[in-house]
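Visitor: Below you'll find data.txt; it's compact mmCIF, C-alpha atoms.
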```txt
# COMPACT_ATOMS: atom_id res chain seq x y z
CA MET A 1 5.24 34.69 30.25
CA SER A 2 6.94 31.47 29.14
CA ILE A 3 4.95 28.40 28.14
CA THR A 4 5.75 24.72 28.49
CA ILE A 5 7.03 23.09 25.32
CA THR A 6 6.01 19.42 25.28
CA ALA A 7 7.72 16.52 23.57
CA ALA A 8 4.65 16.19 21.34
CA ASP A 9 5.03 19.81 20.24
CA VAL A 10 8.68 19.23 19.40
CA ASN A 11 7.89 16.04 17.49
CA LYS A 12 5.13 17.76 15.49
CA LEU A 13 7.44 20.57 14.41
CA ARG A 14 10.17 18.08 13.70
CA GLN A 15 7.93 16.09 11.35
CA GLN A 16 6.85 19.27 9.59
CA THR A 17 10.33 20.62 9.07
CA GLY A 18 12.89 17.84 9.27
CA ALA A 19 14.91 19.87 11.79
CA GLY A 20 16.64 18.25 14.74
CA ILE A 21 15.03 17.83 18.15
CA MET A 22 17.10 20.52 19.86
CA ASP A 23 16.59 22.98 17.00
CA CYS A 24 12.84 22.44 17.12
CA ARG A 25 12.72 22.87 20.88
CA ALA A 26 14.79 26.06 20.65
CA ALA A 27 12.55 27.41 17.87
CA LEU A 28 9.38 26.79 19.88
CA GLN A 29 10.89 28.32 22.97
CA GLU A 30 12.05 31.35 20.99
CA THR A 31 8.54 31.87 19.59
CA ASN A 32 6.55 30.91 22.71
CA GLY A 33 5.09 27.84 21.03
CA ASP A 34 3.86 29.59 17.88
CA PHE A 35 4.28 26.91 15.19
CA GLU A 36 4.14 29.24 12.20
CA ALA A 37 6.65 31.58 13.78
CA ALA A 38 8.81 28.58 14.76
CA ILE A 39 8.84 27.38 11.16
CA ASP A 40 9.90 30.84 10.02
CA PHE A 41 12.60 30.78 12.69
CA LEU A 42 13.90 27.44 11.44
CA ARG A 43 13.79 28.58 7.83
CA LYS A 44 16.09 31.39 8.76
CA LYS A 45 18.36 28.73 10.25
CA GLY A 46 18.54 26.71 7.03
CA GLN A 47 15.50 24.39 7.37
CA LYS A 48 13.50 26.03 4.59
CA VAL A 49 13.21 23.05 2.25
CA ALA A 50 11.42 20.63 4.58
CA ALA A 51 9.28 23.41 6.01
CA LYS A 52 8.25 24.71 2.61
CA ARG A 53 7.33 21.22 1.43
CA SER A 54 5.48 20.08 4.54
CA ASP A 55 2.00 20.57 3.08
CA ARG A 56 2.72 19.18 -0.37
CA ASP A 57 1.08 15.95 -1.50
CA ALA A 58 3.35 13.09 -2.52
CA LYS A 59 1.74 11.52 -5.60
CA GLU A 60 4.60 9.61 -7.22
CA GLY A 61 7.01 7.05 -5.86
CA VAL A 62 7.59 3.31 -5.85
CA VAL A 63 6.03 0.23 -4.26
CA VAL A 64 8.08 -2.74 -3.06
CA ALA A 65 7.09 -6.22 -1.87
CA LYS A 66 9.49 -8.35 0.15
CA THR A 67 9.21 -11.66 2.04
CA SER A 68 11.14 -13.29 4.87
CA ASN A 69 13.66 -15.99 4.02
CA ASP A 70 11.36 -18.71 5.33
CA GLY A 71 8.43 -17.33 3.32
CA LYS A 72 6.19 -17.18 6.37
CA TYR A 73 5.48 -13.46 6.13
CA GLY A 74 5.96 -10.54 3.81
CA ILE A 75 5.51 -6.78 3.62
CA VAL A 76 4.59 -4.42 0.81
CA LEU A 77 5.18 -0.69 1.21
CA ASN A 78 4.74 2.54 -0.71
CA LEU A 79 7.51 5.15 -0.65
CA THR A 80 6.02 8.28 -2.17
CA SER A 81 7.61 11.32 -3.78
CA GLU A 82 6.31 14.50 -5.35
CA THR A 83 7.73 13.95 -8.83
CA ASP A 84 8.34 11.13 -11.24
CA PHE A 85 11.89 12.44 -11.66
CA VAL A 86 12.74 11.56 -8.06
CA ALA A 87 10.79 8.28 -8.17
CA LYS A 88 12.96 7.03 -11.04
CA ASN A 89 16.22 8.03 -9.36
CA GLU A 90 18.37 5.02 -8.50
CA ASP A 91 19.11 6.32 -4.98
CA PHE A 92 15.38 6.70 -4.29
CA VAL A 93 14.62 3.17 -5.48
CA ASN A 94 17.51 1.82 -3.41
CA LEU A 95 16.14 3.66 -0.38
CA ALA A 96 12.76 1.97 -0.88
CA LEU A 97 14.48 -1.41 -1.18
CA SER A 98 16.43 -0.70 2.01
CA PHE A 99 13.20 0.21 3.80
CA SER A 100 11.55 -3.02 2.67
CA GLN A 101 14.52 -5.09 3.83
CA THR A 102 14.53 -3.31 7.19
CA ALA A 103 10.81 -3.96 7.61
CA VAL A 104 11.27 -7.68 6.93
CA ASP A 105 14.43 -8.00 9.05
CA ASN A 106 12.65 -6.42 12.02
CA ASN A 107 9.41 -8.34 11.46
CA VAL A 108 7.39 -5.13 11.83
CA PRO A 109 3.61 -5.47 12.32
CA ASP A 110 2.48 -2.09 10.99
CA LEU A 111 3.50 1.29 9.58
CA GLU A 112 3.60 3.14 12.90
CA THR A 113 5.97 0.58 14.39
CA PHE A 114 8.11 0.60 11.29
CA LYS A 115 8.66 4.36 11.32
CA SER A 116 10.14 4.12 14.80
CA THR A 117 12.37 1.17 13.85
CA GLN A 118 16.11 1.78 13.87
CA MET A 119 17.95 1.75 10.56
CA ASN A 120 21.71 2.35 10.46
CA GLY A 121 21.64 4.10 13.80
CA ILE A 122 18.59 6.33 13.23
CA SER A 123 14.86 5.74 13.05
CA VAL A 124 13.13 5.20 9.72
CA GLN A 125 11.21 8.44 10.28
CA ASP A 126 14.47 10.31 10.79
CA LYS A 127 15.87 8.75 7.64
CA ILE A 128 12.84 10.00 5.72
CA MET A 129 13.26 13.54 7.04
CA GLU A 130 17.00 13.44 6.43
CA THR A 131 16.31 12.55 2.79
CA VAL A 132 13.66 15.29 2.50
CA SER A 133 16.22 17.88 3.57
CA LYS A 134 18.84 16.41 1.23
CA ILE A 135 16.81 16.19 -1.99
CA GLY A 136 14.48 19.17 -1.44
CA GLU A 137 11.32 17.17 -2.07
CA LYS A 138 8.76 15.64 0.24
CA ILE A 139 8.88 11.85 0.50
CA ASP A 140 7.07 9.53 2.88
CA ILE A 141 6.10 5.94 3.50
CA THR A 142 2.34 6.21 3.23
CA SER A 143 1.31 2.57 3.49
CA LEU A 144 2.69 -0.74 4.70
CA ASP A 145 0.78 -4.02 4.53
CA ARG A 146 1.84 -7.32 6.04
CA LEU A 147 0.70 -10.88 5.32
CA ASN A 148 1.40 -14.08 7.29
CA SER A 149 0.74 -17.59 6.00
CA GLU A 150 2.25 -21.00 5.28
CA CYS A 151 3.85 -19.41 2.22
CA VAL A 152 3.92 -15.75 1.20
CA VAL A 153 5.23 -14.81 -2.25
CA ALA A 154 6.24 -11.34 -3.44
CA TYR A 155 6.12 -9.90 -6.94
CA ASN A 156 7.50 -6.55 -8.09
CA HIS A 157 6.58 -5.35 -11.56
CA ALA A 158 9.24 -3.62 -13.64
CA GLY A 159 9.90 -0.10 -12.44
CA TYR A 160 8.34 -0.80 -9.04
CA ARG A 161 5.00 0.67 -10.13
CA VAL A 162 3.04 -2.39 -8.96
CA ALA A 163 3.89 -4.71 -6.06
CA VAL A 164 1.98 -7.74 -4.82
CA LEU A 165 2.03 -10.10 -1.87
CA VAL A 166 0.06 -13.32 -2.11
CA ALA A 167 -0.51 -15.71 0.81
CA LEU A 168 -0.93 -19.44 0.14
CA ASN A 169 -2.14 -22.15 2.50
CA GLN A 170 0.57 -24.75 1.75
CA PRO A 171 4.20 -24.82 2.97
CA MET A 172 6.90 -23.27 0.82
CA GLY A 173 8.33 -25.43 -1.97
CA ASP A 174 9.46 -24.82 -5.52
CA ALA A 175 6.09 -25.66 -7.08
CA ILE A 176 4.15 -23.68 -4.48
CA VAL A 177 6.40 -20.62 -4.84
CA GLN A 178 6.11 -20.75 -8.64
CA ALA A 179 2.32 -20.96 -8.36
CA GLY A 180 2.44 -18.00 -6.00
CA LYS A 181 4.45 -15.98 -8.53
CA ASP A 182 1.99 -16.85 -11.29
CA VAL A 183 -0.96 -15.76 -9.15
CA ALA A 184 0.85 -12.62 -8.01
CA MET A 185 1.35 -11.65 -11.66
CA GLN A 186 -2.37 -12.31 -12.21
CA ILE A 187 -3.20 -9.97 -9.33
CA ALA A 188 -0.85 -7.31 -10.70
CA ALA A 189 -2.46 -7.50 -14.15
CA MET A 190 -6.14 -8.03 -13.28
CA ASN A 191 -6.43 -6.12 -9.98
CA PRO A 192 -9.13 -8.28 -8.33
CA ILE A 193 -11.12 -6.78 -5.46
CA ALA A 194 -11.03 -9.89 -3.24
CA VAL A 195 -9.94 -13.53 -3.09
CA ASP A 196 -13.49 -14.86 -3.57
CA PRO A 197 -17.12 -13.66 -3.29
CA ALA A 198 -17.20 -14.39 0.45
CA ALA A 199 -14.41 -11.86 0.95
CA VAL A 200 -16.21 -9.05 -0.89
CA PRO A 201 -17.61 -6.53 1.64
CA ALA A 202 -21.40 -6.45 1.79
CA ALA A 203 -21.33 -2.70 1.16
CA THR A 204 -19.50 -3.29 -2.13
CA ILE A 205 -22.06 -5.86 -3.23
CA ASP A 206 -24.96 -3.58 -2.30
CA ARG A 207 -23.39 -0.68 -4.19
CA GLU A 208 -22.78 -2.75 -7.32
CA LYS A 209 -26.30 -4.20 -7.21
CA ALA A 210 -27.83 -0.74 -6.84
CA ILE A 211 -25.85 0.45 -9.86
CA ILE A 212 -26.99 -2.53 -11.92
CA ILE A 213 -30.65 -1.94 -10.98
CA GLU A 214 -30.47 1.74 -11.90
CA GLN A 215 -28.88 0.84 -15.24
CA MET A 216 -31.70 -1.61 -15.94
CA LYS A 217 -34.36 0.95 -15.03
CA ALA A 218 -32.90 3.24 -17.69
CA ASP A 219 -33.02 0.45 -20.29
CA PRO A 220 -36.23 0.58 -22.40
CA LYS A 221 -36.08 -3.20 -22.71
CA MET A 222 -36.64 -3.45 -18.96
CA THR A 223 -39.80 -1.34 -18.94
CA GLY A 224 -42.54 -3.00 -16.93
CA LYS A 225 -40.20 -5.16 -14.83
CA THR A 226 -41.11 -5.16 -11.15
CA GLU A 227 -38.59 -4.30 -8.44
CA ASP A 228 -38.48 -7.96 -7.43
CA MET A 229 -37.74 -9.05 -10.99
CA LEU A 230 -35.05 -6.42 -11.36
CA SER A 231 -33.49 -7.56 -8.09
CA LYS A 232 -33.33 -11.18 -9.25
CA ILE A 233 -31.80 -10.18 -12.59
CA ALA A 234 -29.29 -8.03 -10.71
CA ASP A 235 -28.31 -11.03 -8.56
CA GLY A 236 -27.42 -12.89 -11.75
CA LYS A 237 -25.36 -9.98 -13.00
CA ILE A 238 -23.58 -9.82 -9.63
CA ASN A 239 -22.39 -13.39 -10.20
CA ALA A 240 -20.83 -12.23 -13.47
CA TYR A 241 -19.26 -9.33 -11.55
CA PHE A 242 -17.73 -11.81 -9.09
CA LYS A 243 -16.30 -13.90 -11.91
CA GLU A 244 -14.58 -10.86 -13.36
CA ASN A 245 -13.43 -9.23 -10.14
CA THR A 246 -12.63 -11.95 -7.58
CA LEU A 247 -9.29 -13.69 -7.90
CA LEU A 248 -10.13 -17.39 -7.69
CA ALA A 249 -13.00 -17.07 -10.18
CA GLN A 250 -11.01 -15.12 -12.78
CA PRO A 251 -9.76 -16.90 -15.91
CA PHE A 252 -6.09 -17.69 -15.35
CA VAL A 253 -4.06 -15.30 -17.51
CA LYS A 254 -1.58 -17.99 -18.59
CA ASP A 255 -4.32 -20.46 -19.52
CA GLY A 256 -7.76 -19.02 -20.11
CA SER A 257 -9.34 -22.49 -20.11
CA LYS A 258 -8.87 -22.61 -16.32
CA THR A 259 -9.89 -20.36 -13.47
CA VAL A 260 -7.23 -19.35 -10.98
CA ALA A 261 -8.78 -21.79 -8.49
CA GLU A 262 -8.52 -24.62 -11.01
CA TYR A 263 -4.93 -23.72 -11.81
CA LEU A 264 -3.99 -23.88 -8.12
CA LYS A 265 -5.69 -27.27 -7.74
CA SER A 266 -3.65 -28.55 -10.68
CA ILE A 267 -0.53 -27.81 -8.65
CA ASN A 268 -1.84 -29.17 -5.34
CA ASN A 269 -5.40 -30.28 -4.76
CA ASP A 270 -5.58 -28.37 -1.48
CA LEU A 271 -3.71 -25.25 -2.63
CA THR A 272 -5.53 -21.92 -2.47
CA VAL A 273 -4.96 -18.24 -1.79
CA THR A 274 -5.84 -17.02 1.70
CA ALA A 275 -5.12 -13.31 1.16
CA PHE A 276 -3.32 -10.85 -1.07
CA SER A 277 -2.18 -7.24 -1.00
CA ARG A 278 -1.60 -5.12 -4.09
CA LEU A 279 -0.15 -1.60 -4.18
CA ASN A 280 0.37 0.50 -7.28
CA ILE A 281 1.49 3.95 -8.36
CA GLY A 282 -0.93 5.95 -10.46
```
Spit out the file's structure as structure tokens when you get a sec.
Guide:
Amino acid sequence: MSITITAADVNKLRQQTGAGIMDCRAALQETNGDFEAAIDFLRKKGQKVAAKRSDRDAKEGVVVAKTSNDGKYGIVLNLTSETDFVAKNEDFVNLALSFSQTAVDNNVPDLETFKSTQMNGISVQDKIMETVSKIGEKIDITSLDRLNSECVVAYNHAGYRVAVLVALNQPMGDAIVQAGKDVAMQIAAMNPIAVDPAAVPAATIDREKAIIIEQMKADPKMTGKTEDMLSKIADGKINAYFKENTLLAQPFVKDGSKTVAEYLKSINNDLTVTAFSRLNIG
């Protein structure tokens, strides 16, 4: 009894193995839709590398940030690999740079859309699978963030291990772009959790406060303090947490006498950061 092989079945096997559409359909038909048997069938036909690697985690790679020519939007993406050896290969880095350029050129809104975007006559997803079969190692684009604003600035740290996008609220100009680069380097170095306290999720605040309270309860110096007193002390410590971990409140790395917010105001009184995205390897 034959079964119906759907396009979704073919696509699933294709993503697992890197084999072509017709090969995947033939394999599923030959094995009556049994995926494991279909993979074995394809391995026998020369698709063993992609199939063998399909369940391997990709833990290395590079991250790349790129903006449009008008600076109105930017993308930052992570192209992962299994090994550091591949991640440092010039062809792999160039592939990541090509992906970032394609994403910007096509003004893609998200990762799913990007993977179906055409690139030199084939989709990005097909290009990924083609490379998997060629190099014998699993690679993938695992994340893609996009920012839109009056001015978006990109920063790529040496070796493409850290990449940052920062969105500013003033139109692009030399001084604004330079300020954006300075702040992007700050974000790369200091890894803030949010732009300002208002942007910190309530769950994060609650978690940090609970940790602080538990630490105080274990401190003999805090013996006898009521829950209310501990809570008020914790609120004060949370403010210190915000100063250390939110971007605008952090001391500016190039001039510790100013906060990042004060530095931006020294460039333009109305200049501030509206959002940022930071990706890193390791």
Visitor: With all atoms listed in the file as the counted atoms, please give the residues lying no more than 10 Å from Leu271 (chain A), apart from itself and same-chain residues fewer than 5 positions off, as a list in words.
Guide: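 Everything that qualifies: Leu168, Asn169, Gln170, Pro171, Ile176, Ala179, Ala261, Glu262, Tyr263, Leu264, Lys265 and Ser266 of chain A.
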Visitor: I'd like the neighbourhood of Gln125 (chain A) as a ChimeraX atom specification, where a residue qualifies if any of its atoms comes within 8 Å (using all atoms listed in the file), though same-chain residues fewer than 3 positions away should be ignored.
Guide: /A:115-116,128-129
Visitor: Pick from A:Lys72, A:Asp40, A:Ser149, A:Tyr160: nearest to Phe92 (chain A), with only C-alpha atoms counted?
Guide: A:Tyr160
Visitor: Between A:Leu144, A:Ile193, A:Ala203, A:Ala163, which one has atoms that come closest to Thr113 (chain A), using all atoms listed in the file?
Guide: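 Of all the options, A:Leu144 lies closest to Thr113 (chain A).
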Visitor: At a cut-off of 8 Å, can you tabulate as JSON lines every residue of region 85-121 of chain A near region 64-70 of chain A together with its closest atom pair and the distance in Å to one decimal, using all atoms listed in the file and ordering rows by chain then number?
Guide:
```
{"residue": "A:Ala96", "atom": "CA", "partner": "A:Val64", "partner_atom": "CA", "distance": 7.0}
{"residue": "A:Leu97", "atom": "CA", "partner": "A:Val64", "partner_atom": "CA", "distance": 6.8}
{"residue": "A:Ser100", "atom": "CA", "partner": "A:Lys66", "partner_atom": "CA", "distance": 6.2}
{"residue": "A:Gln101", "atom": "CA", "partner": "A:Lys66", "partner_atom": "CA", "distance": 7.0}
{"residue": "A:Val104", "atom": "CA", "partner": "A:Ser68", "partner_atom": "CA", "distance": 6.0}
{"residue": "A:Asp105", "atom": "CA", "partner": "A:Ser68", "partner_atom": "CA", "distance": 7.5}
```
Visitor: Separation of CA of Leu230 (chain A) and CA of Asp196 (chain A), in Å?
Guide: 24.4 Å
Visitor: Which distance in Å separates CA of Tyr155 (chain A) and CA of Met190 (chain A), to one decimal?
Guide: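 These two atoms are separated by 13.9 Å.
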Visitor: Of the candidates A:Leu111, A:Leu147, A:Val62, A:Ile5, which one gets nearest to Thr80 (chain A) if we count all atoms listed in the file?
Guide: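 The answer is A:Val62, which sits nearest to Thr80 (chain A).
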Visitor: Mind pulling up the distance from CA of Val162 (chain A) to CA of Leu248 (chain A)?
Guide: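 Interatomic distance here is 20.0 Å.
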Visitor: Can you tell me which residues surround region 81-91 of chain A at a distance of at most 12 Å, considering only C-alpha atoms, apart from same-chain residues fewer than 5 positions away, and format the answer as a PDB file with C-alpha atoms, keeping the file's coordinate frame?
Guide:
```pdb
ATOM      1  CA  ARG A  53       7.330  21.220   1.430  1.00  0.00           C
ATOM      2  CA  SER A  54       5.480  20.080   4.540  1.00  0.00           C
ATOM      3  CA  ASP A  55       2.000  20.570   3.080  1.00  0.00           C
ATOM      4  CA  ARG A  56       2.720  19.180  -0.370  1.00  0.00           C
ATOM      5  CA  ASP A  57       1.080  15.950  -1.500  1.00  0.00           C
ATOM      6  CA  ALA A  58       3.350  13.090  -2.520  1.00  0.00           C
ATOM      7  CA  LYS A  59       1.740  11.520  -5.600  1.00  0.00           C
ATOM      8  CA  GLU A  60       4.600   9.610  -7.220  1.00  0.00           C
ATOM      9  CA  GLY A  61       7.010   7.050  -5.860  1.00  0.00           C
ATOM     10  CA  VAL A  62       7.590   3.310  -5.850  1.00  0.00           C
ATOM     11  CA  VAL A  63       6.030   0.230  -4.260  1.00  0.00           C
ATOM     12  CA  ALA A  96      12.760   1.970  -0.880  1.00  0.00           C
ATOM     13  CA  LEU A  97      14.480  -1.410  -1.180  1.00  0.00           C
ATOM     14  CA  SER A  98      16.430  -0.700   2.010  1.00  0.00           C
ATOM     15  CA  ILE A 128      12.840  10.000   5.720  1.00  0.00           C
ATOM     16  CA  THR A 131      16.310  12.550   2.790  1.00  0.00           C
ATOM     17  CA  VAL A 132      13.660  15.290   2.500  1.00  0.00           C
ATOM     18  CA  LYS A 134      18.840  16.410   1.230  1.00  0.00           C
ATOM     19  CA  ILE A 135      16.810  16.190  -1.990  1.00  0.00           C
ATOM     20  CA  GLY A 136      14.480  19.170  -1.440  1.00  0.00           C
ATOM     21  CA  GLU A 137      11.320  17.170  -2.070  1.00  0.00           C
ATOM     22  CA  LYS A 138       8.760  15.640   0.240  1.00  0.00           C
ATOM     23  CA  ILE A 139       8.880  11.850   0.500  1.00  0.00           C
ATOM     24  CA  ASP A 140       7.070   9.530   2.880  1.00  0.00           C
ATOM     25  CA  ILE A 141       6.100   5.940   3.500  1.00  0.00           C
ATOM     26  CA  THR A 142       2.340   6.210   3.230  1.00  0.00           C
ATOM     27  CA  ALA A 158       9.240  -3.620 -13.640  1.00  0.00           C
ATOM     28  CA  GLY A 159       9.900  -0.100 -12.440  1.00  0.00           C
ATOM     29  CA  TYR A 160       8.340  -0.800  -9.040  1.00  0.00           C
ATOM     30  CA  ARG A 161       5.000   0.670 -10.130  1.00  0.00           C
ATOM     31  CA  ILE A 281       1.490   3.950  -8.360  1.00  0.00           C
ATOM     32  CA  GLY A 282      -0.930   5.950 -10.460  1.00  0.00           C
TER      33      GLY A 282
END
```
